[in-house]
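Colleague: I'd like to ask some things about the structure below.
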Amino acid sequence: MKRLTVPAIQRRKADGVTAEPLVMLTAYTVRMAQLLDPHCDLLLVGDSLGQVIYGLPSTVPVSLDMMCAHGAAVVRGSYHSVVVVDMPFGSYEASPEKAFESAARILKETGCAAVKLEGGQAMAPTIRFLTERGIPVMAHVGLTPQAVNALGGYGARGRNDAEKDKILADAHAVADAGAFAVVAEGVLEPIAIAMTQAVAIPVIGIGASAQCDGQVLVTEDMLGLFDRVPRFVKRFADMASFVDAAVQDYAAGVRDRSFPTADQTYQPKG
Ligand code: KIV
Ligand code: NA
């Protein structure tokens, strides 16, 4: 199977509607990437790995080193999906030049096809700077978790007119600046729908609307592997219980010496 490309993703909305919604999930490790890849159009190496993999309190402390290491693993574990790597907080906001250096490092060290960064109008010049220099950018508007300290939490965005207008202006700004797609996170459904209709690039929703051009979720959340999840997460599996049962069996087998058996041990020949 040949790997999808950024232009192929963009062409999915060529006529103004995405007939078949884009399927995107997060991946941080090689085995998970292998399992998700055949079913997805895009894999996101999200900075949500800060909480999910490293137990950090937010995405703010995530480093470029972490994103590069996990990004490379996910590229090695995938053959079909477009791999997008999040730019971590502090690696791109100061200037377009700084963003280019960070993004170039991510592309060189991971082999991914694109980067994602948070922000709308304020980041538009940076998005333009990167895209004009050959780095495809996915934008991320609405609830932007790297701004948790400024937003004061992770609640839904767009509950008043000023916020609603800002989210729509942000979507227009990133599309005009050349972003190839935009994530809309935690916005009221009517805003997500308006955004999807207003911009020519695919809008990928999370806690947004089924009317978006695609959906993304944190894989560990939808698999039931992470303890605290937002209300917009549907649990498609209860993997934590599955793991718990298997480990309970293993522990019992070790303690009563029923594991390992002859099948799992090496015996002298003859
Ligand atoms: O870091 C992440 O996982 C994300 C998605 C939830 C969009 O940015
Ligand atoms: Na992210």
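Ordering of the structure tokens sets the chain letters (A, B, ...), residue numbers begin anew at 1 in every chain, and ligands are numbered from 1 in the order given.
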Within 10 Å of segment 213-223 of chain A, which residues of segment 73-184 of chain A come that close, and what is the closest atom pair and distance in Å for each? Count only C-alpha atoms and give it as a tab-separated table.

Modeller:
```
residue	atom	partner	partner_atom	distance
A:Ala181	CA	A:Asp213	CA	9.5
A:Val182	CA	A:Asp213	CA	9.8
A:Val183	CA	A:Val216	CA	8.2
A:Ala184	CA	A:Gln215	CA	9.3
```

Colleague: Give me a file of those residues, with C-alpha atoms, as an mmCIF file, in the first residue's frame.

Modeller:
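Wrote it out as out.cif, contents follow:
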```
data_model
loop_
_atom_site.group_PDB
_atom_site.id
_atom_site.type_symbol
_atom_site.label_atom_id
_atom_site.label_comp_id
_atom_site.auth_asym_id
_atom_site.auth_seq_id
_atom_site.Cartn_x
_atom_site.Cartn_y
_atom_site.Cartn_z
ATOM 1 C CA ALA A 181 -6.032 21.096 7.309
ATOM 2 C CA VAL A 182 -7.193 22.311 10.693
ATOM 3 C CA VAL A 183 -8.177 20.551 13.899
ATOM 4 C CA ALA A 184 -11.243 22.032 15.628
#
```

Colleague: List as a list of chain:residue names the protein and nucleic acid residues lying within 7 Å of ligand 1, with only C-alpha atoms and all ligand atoms counted.

Modeller: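 What falls inside 7 Å of ligand 1 is A:Thr26, A:Leu44, A:Val45, A:Gly46, A:Asp47, A:Ser48, A:Leu49, A:Asp86, A:Val183, A:Glu185, A:Ile206, A:Val216, A:Leu217, A:Val218.
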
Colleague: From a DSSP pass on the backbone, collect the residues of segment 44-141 of chain A flagged as strand (DSSP E) and hand them back as a PyMOL selection string.

Modeller: chain A and resi 44-45+82-86+114-118+137-141

Colleague: List every residue of segment 10-36 of chain A that has an atom at most 8 Å from any atom of segment 77-83 of chain A, giving for each one its closest atom pair and the distance in Å to one decimal, counting only C-alpha atoms, sorted by chain and then by ascending residue number, as CSV.

Modeller:
```
residue,atom,partner,partner_atom,distance
A:Thr29,CA,A:Gly77,CA,7.8
A:Val30,CA,A:Gly77,CA,4.6
A:Arg31,CA,A:Gly77,CA,6.5
A:Met32,CA,A:Gly77,CA,7.9
A:Ala33,CA,A:Gly77,CA,5.2
A:Gln34,CA,A:Gly77,CA,4.9
```

Colleague: Write to file, as an mmCIF file, in the first residue's frame, the residues of the selection just made, with N, CA and C atoms.

Modeller:
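File selection-v1.cif, as written:
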```cif
data_model
loop_
_atom_site.group_PDB
_atom_site.id
_atom_site.type_symbol
_atom_site.label_atom_id
_atom_site.label_comp_id
_atom_site.auth_asym_id
_atom_site.auth_seq_id
_atom_site.Cartn_x
_atom_site.Cartn_y
_atom_site.Cartn_z
ATOM 1 N N THR A 29 3.763 5.112 19.543
ATOM 2 C CA THR A 29 4.698 3.984 19.583
ATOM 3 C C THR A 29 4.542 3.127 18.337
ATOM 4 N N VAL A 30 5.559 2.317 18.052
ATOM 5 C CA VAL A 30 5.604 1.602 16.781
ATOM 6 C C VAL A 30 4.493 0.560 16.663
ATOM 7 N N ARG A 31 4.250 -0.213 17.712
ATOM 8 C CA ARG A 31 3.251 -1.287 17.606
ATOM 9 C C ARG A 31 1.849 -0.715 17.433
ATOM 10 N N MET A 32 1.560 0.342 18.185
ATOM 11 C CA MET A 32 0.239 0.957 18.044
ATOM 12 C C MET A 32 0.102 1.539 16.633
ATOM 13 N N ALA A 33 1.159 2.161 16.125
ATOM 14 C CA ALA A 33 1.111 2.710 14.765
ATOM 15 C C ALA A 33 0.792 1.602 13.760
ATOM 16 N N GLN A 34 1.440 0.438 13.923
ATOM 17 C CA GLN A 34 1.187 -0.683 13.000
ATOM 18 C C GLN A 34 -0.275 -1.114 13.037
#
```

Colleague: Just checking: using only C-alpha atoms, which residue out of A:Gln146, A:Thr126, A:Ser95, A:Thr265 ends up closest to Val62 of chain A?

Modeller: A:Gln146

Colleague: Enter the distance from atom CA of Ala171 of chain A to atom CA of Met195 of chain A, in Å, rounded to one decimal.

Modeller: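 For atom CA of Ala171 of chain A relative to atom CA of Met195 of chain A, the distance reads 6.7 Å.
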
Colleague: Would you please give, as a PDB file with C-alpha atoms, in the first residue's frame, all residues of segment 12-259 of chain A that DSSP assigns to helix (DSSP H, G or I) based on the backbone?

Modeller:
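Result saved to selection_16.pdb:
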```pdb
ATOM      1  CA  VAL A  30       5.604   1.602  16.781  1.00  0.00           C
ATOM      2  CA  ARG A  31       3.251  -1.287  17.606  1.00  0.00           C
ATOM      3  CA  MET A  32       0.239   0.957  18.044  1.00  0.00           C
ATOM      4  CA  ALA A  33       1.111   2.710  14.765  1.00  0.00           C
ATOM      5  CA  GLN A  34       1.187  -0.683  13.000  1.00  0.00           C
ATOM      6  CA  LEU A  35      -2.244  -1.571  14.364  1.00  0.00           C
ATOM      7  CA  LEU A  36      -3.885   1.763  13.505  1.00  0.00           C
ATOM      8  CA  ASP A  37      -2.211   2.459  10.156  1.00  0.00           C
ATOM      9  CA  PRO A  38      -4.362   0.264   7.866  1.00  0.00           C
ATOM     10  CA  HIS A  39      -7.563   1.922   9.116  1.00  0.00           C
ATOM     11  CA  LEU A  49       1.847  11.973  24.823  1.00  0.00           C
ATOM     12  CA  GLY A  50       2.892  14.241  27.700  1.00  0.00           C
ATOM     13  CA  GLN A  51      -0.061  13.044  29.771  1.00  0.00           C
ATOM     14  CA  VAL A  52      -0.668   9.670  28.114  1.00  0.00           C
ATOM     15  CA  LEU A  64      11.113  18.563  20.962  1.00  0.00           C
ATOM     16  CA  ASP A  65      13.282  15.539  21.859  1.00  0.00           C
ATOM     17  CA  MET A  66      10.175  13.593  22.946  1.00  0.00           C
ATOM     18  CA  MET A  67       8.258  14.526  19.797  1.00  0.00           C
ATOM     19  CA  CYS A  68      11.185  13.519  17.566  1.00  0.00           C
ATOM     20  CA  ALA A  69      11.701  10.149  19.285  1.00  0.00           C
ATOM     21  CA  HIS A  70       8.027   9.173  19.170  1.00  0.00           C
ATOM     22  CA  GLY A  71       7.527  10.648  15.700  1.00  0.00           C
ATOM     23  CA  ALA A  72      10.311   8.468  14.311  1.00  0.00           C
ATOM     24  CA  ALA A  73       8.789   5.361  15.937  1.00  0.00           C
ATOM     25  CA  VAL A  74       5.381   6.066  14.393  1.00  0.00           C
ATOM     26  CA  VAL A  75       6.843   6.656  10.917  1.00  0.00           C
ATOM     27  CA  ARG A  76       8.701   3.323  11.238  1.00  0.00           C
ATOM     28  CA  PRO A  96       8.558  32.038  12.148  1.00  0.00           C
ATOM     29  CA  GLU A  97      12.317  31.394  11.977  1.00  0.00           C
ATOM     30  CA  LYS A  98      12.322  29.537  15.267  1.00  0.00           C
ATOM     31  CA  ALA A  99       9.298  27.552  14.104  1.00  0.00           C
ATOM     32  CA  PHE A 100      11.059  26.646  10.865  1.00  0.00           C
ATOM     33  CA  GLU A 101      14.124  25.360  12.732  1.00  0.00           C
ATOM     34  CA  SER A 102      11.969  23.222  15.023  1.00  0.00           C
ATOM     35  CA  ALA A 103       9.766  21.930  12.212  1.00  0.00           C
ATOM     36  CA  ALA A 104      12.763  21.138  10.000  1.00  0.00           C
ATOM     37  CA  ARG A 105      14.302  19.147  12.849  1.00  0.00           C
ATOM     38  CA  ILE A 106      11.043  17.197  13.270  1.00  0.00           C
ATOM     39  CA  LEU A 107      10.868  16.405   9.539  1.00  0.00           C
ATOM     40  CA  LYS A 108      14.546  15.425   9.317  1.00  0.00           C
ATOM     41  CA  GLU A 109      14.604  13.245  12.438  1.00  0.00           C
ATOM     42  CA  THR A 110      11.231  11.520  12.045  1.00  0.00           C
ATOM     43  CA  GLN A 121      -4.614  34.508  13.566  1.00  0.00           C
ATOM     44  CA  ALA A 122      -1.494  34.943  15.714  1.00  0.00           C
ATOM     45  CA  MET A 123       0.171  31.945  14.072  1.00  0.00           C
ATOM     46  CA  ALA A 124      -0.884  32.737  10.491  1.00  0.00           C
ATOM     47  CA  PRO A 125       2.451  34.391   9.520  1.00  0.00           C
ATOM     48  CA  THR A 126       4.296  31.349  10.894  1.00  0.00           C
ATOM     49  CA  ILE A 127       2.057  28.930   8.993  1.00  0.00           C
ATOM     50  CA  ARG A 128       2.728  30.895   5.795  1.00  0.00           C
ATOM     51  CA  PHE A 129       6.483  30.955   6.481  1.00  0.00           C
ATOM     52  CA  LEU A 130       6.614  27.172   6.905  1.00  0.00           C
ATOM     53  CA  THR A 131       4.334  26.230   4.013  1.00  0.00           C
ATOM     54  CA  GLU A 132       6.173  28.533   1.589  1.00  0.00           C
ATOM     55  CA  PRO A 145      -4.411  22.640  25.277  1.00  0.00           C
ATOM     56  CA  GLN A 146      -0.956  24.285  25.205  1.00  0.00           C
ATOM     57  CA  ALA A 147      -2.731  27.505  26.250  1.00  0.00           C
ATOM     58  CA  VAL A 148      -4.272  25.870  29.338  1.00  0.00           C
ATOM     59  CA  ASN A 149      -2.615  28.405  31.627  1.00  0.00           C
ATOM     60  CA  ALA A 150      -4.218  31.278  29.711  1.00  0.00           C
ATOM     61  CA  LEU A 151      -7.581  29.576  29.112  1.00  0.00           C
ATOM     62  CA  ASP A 161     -20.159  35.793  20.550  1.00  0.00           C
ATOM     63  CA  ALA A 162     -16.615  37.108  20.972  1.00  0.00           C
ATOM     64  CA  GLU A 163     -15.211  33.596  21.340  1.00  0.00           C
ATOM     65  CA  LYS A 164     -17.312  32.307  18.464  1.00  0.00           C
ATOM     66  CA  ASP A 165     -16.160  35.127  16.149  1.00  0.00           C
ATOM     67  CA  LYS A 166     -12.543  34.549  17.163  1.00  0.00           C
ATOM     68  CA  ILE A 167     -12.709  30.811  16.399  1.00  0.00           C
ATOM     69  CA  LEU A 168     -14.165  31.450  12.938  1.00  0.00           C
ATOM     70  CA  ALA A 169     -11.628  34.213  12.248  1.00  0.00           C
ATOM     71  CA  ASP A 170      -8.858  31.833  13.365  1.00  0.00           C
ATOM     72  CA  ALA A 171     -10.098  29.156  10.964  1.00  0.00           C
ATOM     73  CA  HIS A 172     -10.141  31.616   8.060  1.00  0.00           C
ATOM     74  CA  ALA A 173      -6.693  32.923   8.979  1.00  0.00           C
ATOM     75  CA  VAL A 174      -4.998  29.511   9.066  1.00  0.00           C
ATOM     76  CA  ALA A 175      -6.674  28.445   5.811  1.00  0.00           C
ATOM     77  CA  ASP A 176      -5.610  31.690   4.089  1.00  0.00           C
ATOM     78  CA  GLU A 189     -21.248  22.064  17.284  1.00  0.00           C
ATOM     79  CA  PRO A 190     -22.796  24.978  15.322  1.00  0.00           C
ATOM     80  CA  ILE A 191     -19.386  26.662  15.211  1.00  0.00           C
ATOM     81  CA  ALA A 192     -17.717  23.458  14.004  1.00  0.00           C
ATOM     82  CA  ILE A 193     -20.308  23.142  11.247  1.00  0.00           C
ATOM     83  CA  ALA A 194     -19.956  26.801  10.238  1.00  0.00           C
ATOM     84  CA  MET A 195     -16.178  26.397  10.137  1.00  0.00           C
ATOM     85  CA  THR A 196     -16.411  23.272   7.995  1.00  0.00           C
ATOM     86  CA  GLN A 197     -18.629  25.074   5.497  1.00  0.00           C
ATOM     87  CA  ALA A 198     -16.574  28.271   5.530  1.00  0.00           C
ATOM     88  CA  THR A 219      -6.195   6.410  20.837  1.00  0.00           C
ATOM     89  CA  GLU A 220      -5.665   5.499  24.501  1.00  0.00           C
ATOM     90  CA  ASP A 221      -8.853   7.427  25.339  1.00  0.00           C
ATOM     91  CA  MET A 222     -11.034   5.652  22.769  1.00  0.00           C
ATOM     92  CA  MET A 239      -8.756  -2.245  27.170  1.00  0.00           C
ATOM     93  CA  ALA A 240      -7.852  -1.395  30.755  1.00  0.00           C
ATOM     94  CA  SER A 241     -10.099  -4.237  31.979  1.00  0.00           C
ATOM     95  CA  PHE A 242      -8.637  -6.534  29.343  1.00  0.00           C
ATOM     96  CA  VAL A 243      -5.080  -5.784  30.491  1.00  0.00           C
ATOM     97  CA  ASP A 244      -6.072  -6.062  34.148  1.00  0.00           C
ATOM     98  CA  ALA A 245      -7.560  -9.546  33.627  1.00  0.00           C
ATOM     99  CA  ALA A 246      -4.508 -10.772  31.693  1.00  0.00           C
ATOM    100  CA  VAL A 247      -2.055  -9.456  34.275  1.00  0.00           C
ATOM    101  CA  GLN A 248      -4.113 -10.969  37.103  1.00  0.00           C
ATOM    102  CA  ASP A 249      -3.845 -14.376  35.335  1.00  0.00           C
ATOM    103  CA  TYR A 250      -0.119 -13.943  34.862  1.00  0.00           C
ATOM    104  CA  ALA A 251       0.455 -12.966  38.491  1.00  0.00           C
ATOM    105  CA  ALA A 252      -1.567 -15.979  39.681  1.00  0.00           C
ATOM    106  CA  GLY A 253       0.391 -18.277  37.333  1.00  0.00           C
ATOM    107  CA  VAL A 254       3.721 -17.000  38.632  1.00  0.00           C
ATOM    108  CA  ARG A 255       2.651 -17.317  42.257  1.00  0.00           C
TER     109      ARG A 255
END
```

Colleague: If you count only C-alpha atoms, which residues fall within 10 Å of Arg12 of chain A, apart from same-chain ones fewer than 3 positions away, as a PyMOL selection string?

Modeller: chain A and resi 7-9+15-22+201-202+213

Colleague: Write out, as a JSON list (two decimals), in the first residue's frame, the residues just selected, with N, CA and C atoms.

Modeller:
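What ended up in out-v7.json:
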```json
[["chain", "number", "residue", "atom", "x", "y", "z"],
["A", 7, "PRO", "N", -1.14, 16.46, -0.28],
["A", 7, "PRO", "CA", -2.07, 16.92, -1.33],
["A", 7, "PRO", "C", -3.26, 15.98, -1.52],
["A", 8, "ALA", "N", -3.05, 14.68, -1.34],
["A", 8, "ALA", "CA", -4.17, 13.73, -1.48],
["A", 8, "ALA", "C", -5.21, 13.97, -0.38],
["A", 9, "ILE", "N", -4.74, 14.29, 0.81],
["A", 9, "ILE", "CA", -5.67, 14.60, 1.92],
["A", 9, "ILE", "C", -6.46, 15.87, 1.56],
["A", 15, "ASP", "N", -14.02, 19.56, -3.90],
["A", 15, "ASP", "CA", -15.28, 20.11, -4.40],
["A", 15, "ASP", "C", -16.06, 20.82, -3.28],
["A", 16, "GLY", "N", -15.40, 21.08, -2.16],
["A", 16, "GLY", "CA", -16.07, 21.80, -1.09],
["A", 16, "GLY", "C", -16.74, 20.90, -0.06],
["A", 17, "VAL", "N", -16.84, 19.62, -0.34],
["A", 17, "VAL", "CA", -17.39, 18.67, 0.64],
["A", 17, "VAL", "C", -16.49, 17.45, 0.69],
["A", 18, "THR", "N", -16.33, 16.91, 1.87],
["A", 18, "THR", "CA", -15.57, 15.68, 2.00],
["A", 18, "THR", "C", -16.56, 14.53, 2.08],
["A", 19, "ALA", "N", -16.71, 13.82, 0.95],
["A", 19, "ALA", "CA", -17.71, 12.74, 0.88],
["A", 19, "ALA", "C", -17.40, 11.66, 1.90],
["A", 20, "GLU", "N", -16.11, 11.24, 1.94],
["A", 20, "GLU", "CA", -15.72, 10.23, 2.91],
["A", 20, "GLU", "C", -14.85, 10.89, 3.98],
["A", 21, "PRO", "N", -15.38, 11.02, 5.20],
["A", 21, "PRO", "CA", -14.63, 11.74, 6.24],
["A", 21, "PRO", "C", -13.24, 11.15, 6.49],
["A", 22, "LEU", "N", -12.31, 12.02, 6.84],
["A", 22, "LEU", "CA", -10.93, 11.62, 7.12],
["A", 22, "LEU", "C", -10.85, 10.98, 8.50],
["A", 201, "ILE", "N", -10.21, 24.05, 3.37],
["A", 201, "ILE", "CA", -9.35, 22.94, 3.82],
["A", 201, "ILE", "C", -10.14, 22.02, 4.76],
["A", 202, "PRO", "N", -9.72, 20.74, 4.84],
["A", 202, "PRO", "CA", -10.43, 19.82, 5.73],
["A", 202, "PRO", "C", -10.38, 20.27, 7.19],
["A", 213, "ASP", "N", -15.03, 17.49, 8.39],
["A", 213, "ASP", "CA", -14.48, 16.70, 7.28],
["A", 213, "ASP", "C", -13.75, 15.45, 7.74]]
```

Colleague: Which residue out of A:Val233, A:Ala179, A:Val115, A:Val187 has the minimum interatomic distance to ligand 2 when only C-alpha atoms and all ligand atoms are used?

Modeller: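 For ligand 2, the nearest of the given residues is A:Val115.
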
Colleague: Return the single residue from A:Pro260, A:Gly152, A:Gly270, A:Gly119 that is closest to ligand 2, with distances computed using only C-alpha atoms and all ligand atoms.

Modeller: A:Gly119

Colleague: In terms of the shortest atom-to-atom distance over only C-alpha atoms and all ligand atoms, which of A:Gly207, A:Gly111, A:Gly142, A:Pro88 is closest to ligand 2?

Modeller: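 Going through A:Gly207, A:Gly111, A:Gly142, A:Pro88 one by one, the smallest distance to ligand 2 is for A:Pro88.
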
Colleague: From the options A:Val137, A:Glu118, A:Val23, A:Ser63, which residue's atoms come nearest to ligand 2, counting only C-alpha atoms and all ligand atoms?

Modeller: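 Result for the nearest residue to ligand 2: A:Glu118.
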
Colleague: So which one's closest to Pro136 of chain A, A:Gln10, A:Gln264, A:Ser258, A:Thr59? Using only C-alpha atoms, please.

Modeller: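 Nearest to Pro136 of chain A: A:Gln10.
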
Colleague: How many Å lie between atom CA of Val199 of chain A and atom CA of Arg133 of chain A, rounded to one decimal?

Modeller: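 Separation of atom CA of Val199 of chain A and atom CA of Arg133 of chain A: 22.5 Å.
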